[in-house]
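Enquirer: Let me give you the structure first, and then I'll get to my questions.
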Amino acid sequence: MKEKLYLTTTLPYVNADAHLGHVLEFVQADILVRYNRLIGKEVFFNIGTDEHGQKIWKKALEAGREPQEFADFYAARFRALMDSLHLATDDPNFNFIRTTDEHHIKAAQEFWRRCDTAGDIYKKAYKIKYCTGCELEKTDSELVGGKCPLHPNLEIEVIDEENYFFRFSKYQTALLELYDNTNFVVPAGRLKEIKNFVAGGLQDFSISRLKSKMPWGIPVPGDDDQVMYVWFDALTNYISAIGWPEDEKKFEKWWPVVQLAGKDNLRQQSAMWQAMLLSAGIEPSGRIIIHGFITSDGQKMSKSLGNVVDPLAVIEDYGAEALRYYLAREVTPFEDGDFTLEKFKQSYNANLANGLGNLTSRIIKMYQSYEVEEPTAELKPATEMIGEEFFREYRENLDNYEIGKAADFIWTQIGEADLYIQNTKPFSLYKTAPEEARKHVAYLIASLWRISVALEPFMPETAEKIQQAIKTKELAAPLFLRKE
RNA sequence: AGCGGGAUAGAGGAGAGGUACCUCGGGAGGCUCAUAACCUCCAGACGCCGGUUCGAUUCCGGCUCCCGCAACCA
């Protein structure tokens, strides 16, 4: 039987277009998905959009549109982005979930019932601070001297709202036990962080909102006045995506999940969600992999700083393959990584144009000019080849989610091929000893083929182009032209 | 206050108890298959103060400076 893997990203909240952070996670996920398929696993790949909640409701109101219409608009744009990024969307085990899908709504409600049956949901009055000037809830951190900084002449009102709460506190011990599995959260530093947090004590959190104030959510079963708070609803997507609750067979086949999430999601994914699963009587997630943020010139990207990079613009100028390359190799998988257009261009020119692209051109040119025979025995299918000793280091890195190090392996091979050409000089040898020259070129073709195999998870289209060029002895167009 | 991460050539990154590596940039040379590409060589660095050690940039302690997080923002 084939080994299985269920991998999911965090669902982005669709109140705006995707930014580079989302794209980083999508690309990391896609590389892991493609790699695991390459080594022979059957992989279910879940990705999608989180569509309920106050922010979307408000934005829709402001725009004078229905929240669903608003969510549809952004969901379609996110879905289109998946293809623009060359994600493996044509695989039957690719799933794009929307939290407004009928099936997901039913699953979220059933999940609620299970937690309720377990005695983990209760109603209590919940005090919020409210500024009548802003007509908004305020948190303590937003207040200055106990008053709203925008309306210092008004008193902050305290409003009591009855909401449902989830007994998070009940699961402290169970969570700490879960963290005894030292690989539950990767990297280790993040596991330590969440351990410390949970050990410090947990407070129950609210999981519903008054429908009269904010109707855009999944109805709470058995209470027409309340809708689910968006987190409670959204987290259940990881199980509803694989058929929970009614398709037990499918669920059993894929669960537990390996999740990718940003460092801001550490608590939600590795503590809150796990407690919810325990409450509902479902086995916890398999693993949570936490990545960092993309900064720009060392600073958080933000509209006010004007340093936001639009992923679509980068794809427009350089192509998705180049963006995938940068995110995979120049951004460390677990720490923050920096992205500026300047750095991007530099890396593109050095590694894609001068490196991979130029190497491919020079090898293919000699291959066709010197009438070299195809080294057929060396051009084995990728799925067969990837298990060879040659790729051991590459596989070990990807098995440990070390995406950048696996990419380094590929570029080491590229460097060695360039050096091999320099040392054996087939281009001058061809004049005096053409057979010798042909042997060297055949060797180079085999190297280039191996490079293309390793490249598949990272740059699927480029890998395909290289293999085509080898098969047809013809490079249709240079892979990556230098940008000035 | 607390928690976490970081400080490595001009810039950006990797690294390991004992010749400190890579990319870009600077200098010199080589090659002509290639996308002014590719190859070789040269110059240039481990924040500060202690400790452990035969030996620390790497381990430990302190200091200085930066950057996150601080309950639901990838």
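Chain lettering (A, B, ...) mirrors the order of the structure tokens, residue numbering begins at 1 for each chain separately, and ligand numbering begins at 1 in order of display.
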Write out as number ranges by chain the set of residues from range 145-324 of chain A that DSSP, computed on the backbone, places in strand (DSSP E or B).

Expert: A: 147, 157-166, 185-186, 205-206, 208-210, 219-220, 223-228, 258-262, 287-291, 294-296, 299-300

Enquirer: Please find the residues of chain B near chain A - the criterion being any atom within 6 Å, counting only C-alpha atoms (C1' of nucleotides) - and write them as number ranges by chain.

Expert: B: 33-35, 39, 74

Enquirer: Report as JSON, numbers by chain: the residues of range 244-445 of chain A with a DSSP assignment of helix (DSSP H, G or I), based on the backbone of this structure.

Expert: {"A": [248, 249, 250, 251, 252, 253, 254, 263, 264, 265, 266, 267, 268, 269, 270, 271, 272, 273, 274, 275, 276, 277, 278, 279, 311, 312, 313, 314, 315, 316, 317, 318, 320, 321, 322, 323, 324, 325, 326, 327, 328, 329, 341, 342, 343, 344, 345, 346, 347, 348, 349, 350, 351, 352, 353, 354, 355, 356, 357, 358, 359, 360, 361, 362, 363, 364, 365, 366, 367, 368, 369, 376, 377, 378, 382, 383, 384, 385, 389, 390, 391, 392, 393, 394, 395, 396, 397, 398, 399, 403, 404, 405, 406, 407, 408, 409, 410, 411, 412, 413, 414, 415, 416, 417, 418, 419, 420, 421, 422, 423, 424, 426, 427, 428, 429, 430, 431, 432, 434, 435, 436, 437, 438, 439, 440, 441, 442, 443, 444, 445]}

Enquirer: Any idea what's packed within 10 Å of Asp223 in chain A, counting only C-alpha atoms (C1' of nucleotides), ignoring anything in its chain fewer than 4 positions away? Could you give it as a list of chain:residue names?

Expert: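 These residues fall inside the cut-off: A:Lys211, A:Pro219, A:Val227.
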
Enquirer: List as a list in words the protein and nucleic acid residues near range 382-386 of chain A, meaning an atom at most 7 Å away when only C-alpha atoms (C1' of nucleotides) are counted, but skip any in the same chain fewer than 4 places from it.

Expert: Leu38, Ile39, Gly40, Phe391 and Val453 of chain A

Enquirer: Quick one: residues within 10 Å of Glu402 in chain A, only C-alpha atoms (C1' of nucleotides), excluding same-chain residues fewer than 6 positions away - as a PyMOL selection string?

Expert: chain A and resi 32+328-329+332-334+394-396

Enquirer: List the neighbours of Arg37 in chain A out to 12 Å using only C-alpha atoms (C1' of nucleotides); skip same-chain residues closer than 5 positions along the sequence, and give me the result as a ChimeraX atom specification.

Expert: /A:2-7,30-32,42-45,88,91,93,382-384,386,456-457

Enquirer: Residues as selected, C-alpha atoms, written as a PDB file, in the first residue's frame, can you do that?

Expert:
```pdb
ATOM      1  CA  LYS A   2       1.186   3.483  -0.780  1.00  0.00           C
ATOM      2  CA  GLU A   3       2.326   5.661   2.064  1.00  0.00           C
ATOM      3  CA  LYS A   4       0.006   8.609   2.586  1.00  0.00           C
ATOM      4  CA  LEU A   5       0.380  12.223   3.524  1.00  0.00           C
ATOM      5  CA  TYR A   6      -2.247  14.868   4.195  1.00  0.00           C
ATOM      6  CA  LEU A   7      -0.753  18.340   4.030  1.00  0.00           C
ATOM      7  CA  ASP A  30       3.431  22.814  -2.901  1.00  0.00           C
ATOM      8  CA  ILE A  31       7.122  21.903  -2.834  1.00  0.00           C
ATOM      9  CA  LEU A  32       6.519  19.427  -0.023  1.00  0.00           C
ATOM     10  CA  GLU A  42      -0.104   9.535  -2.126  1.00  0.00           C
ATOM     11  CA  VAL A  43      -0.654  13.117  -1.013  1.00  0.00           C
ATOM     12  CA  PHE A  44      -3.813  15.062  -0.224  1.00  0.00           C
ATOM     13  CA  PHE A  45      -3.184  18.800  -0.548  1.00  0.00           C
ATOM     14  CA  ALA A  88      -0.264  21.216  -8.304  1.00  0.00           C
ATOM     15  CA  ASP A  91      -4.149  16.605  -9.162  1.00  0.00           C
ATOM     16  CA  ASN A  93      -6.118  15.101  -4.466  1.00  0.00           C
ATOM     17  CA  ALA A 382      12.122  10.967 -11.975  1.00  0.00           C
ATOM     18  CA  THR A 383      10.106   8.738  -9.657  1.00  0.00           C
ATOM     19  CA  GLU A 384      12.567   5.926 -10.230  1.00  0.00           C
ATOM     20  CA  ILE A 386      14.852  10.012  -6.904  1.00  0.00           C
ATOM     21  CA  GLU A 456      10.660  19.119 -10.140  1.00  0.00           C
ATOM     22  CA  PRO A 457       9.178  19.958  -6.731  1.00  0.00           C
TER      23      PRO A 457
END
```

Enquirer: From the list B:C38, B:G27, B:C22, B:A16, which residue is nearest A56 in chain B when using only C-alpha atoms (C1' of nucleotides)?

Expert: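 The shortest atom-to-atom distance to A56 in chain B comes from B:A16.
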
Enquirer: Of the candidates A:Ala234, A:Glu389, A:Tyr348, A:Thr8, which shows the shortest atom-to-atom distance to C24 in chain B, using only C-alpha atoms (C1' of nucleotides)?

Expert: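 The closest residue to C24 in chain B is A:Tyr348.
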
Enquirer: Between B:A37, B:C49, B:C42, B:A7, which residue has the minimum interatomic distance to C63 in chain B, considering only C-alpha atoms (C1' of nucleotides)?

Expert: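 Using only C-alpha atoms (C1' of nucleotides), C63 in chain B sits closest to B:C49.
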
Enquirer: Might you pull out every residue within 9 Å of Val27 in chain A, with only C-alpha atoms (C1' of nucleotides) counted and same-chain residues fewer than 6 positions away left off, and present them as a tab-separated table (two decimals) with N, CA and C atoms, in the first residue's frame?

Expert:
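File produced: part-v9.tsv:
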```
chain	number	residue	atom	x	y	z
A	85	LEU	N	0.76	30.44	-9.51
A	85	LEU	CA	1.97	30.04	-8.78
A	85	LEU	C	2.45	28.65	-9.17
A	86	HIS	N	1.79	28.07	-10.14
A	86	HIS	CA	2.12	26.71	-10.59
A	86	HIS	C	1.97	25.68	-9.47
A	87	LEU	N	0.97	25.85	-8.64
A	87	LEU	CA	0.71	24.81	-7.63
A	87	LEU	C	0.10	23.61	-8.34
A	324	ARG	N	8.99	31.19	-7.07
A	324	ARG	CA	9.09	29.94	-6.30
A	324	ARG	C	10.54	29.70	-5.89
A	327	LEU	N	11.56	32.10	-3.00
A	327	LEU	CA	10.94	31.76	-1.71
A	327	LEU	C	11.50	30.46	-1.15
A	328	ALA	N	11.86	29.55	-2.04
A	328	ALA	CA	12.37	28.27	-1.57
A	328	ALA	C	13.80	28.37	-1.10
A	458	PHE	N	10.44	22.00	-6.95
A	458	PHE	CA	10.67	23.43	-6.79
A	458	PHE	C	10.14	24.23	-7.98
```

Enquirer: What is the CA of Gly53 in chain A to CA of Asp233 in chain A distance in Å?

Expert: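 For CA of Gly53 in chain A relative to CA of Asp233 in chain A, the distance reads 9.6 Å.
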
Enquirer: Here is a test: counting only C-alpha atoms, which residue of A:Lys473, A:Lys250, A:Glu342, A:Glu177 is nearest to Val372 in chain A?

Expert: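 Nearest candidate to Val372 in chain A out of A:Lys473, A:Lys250, A:Glu342, A:Glu177: A:Lys473.
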
Enquirer: To one decimal place in Å, what is the distance between CA of Tyr370 in chain A and CA of Tyr430 in chain A?

Expert: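 Interatomic distance here is 7.5 Å.
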
Enquirer: Between CA of Met214 in chain A and CA of Trp57 in chain A, what distance in Å does the model show, to one decimal?

Expert: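 That distance, rounded to one decimal, is 7.5 Å.
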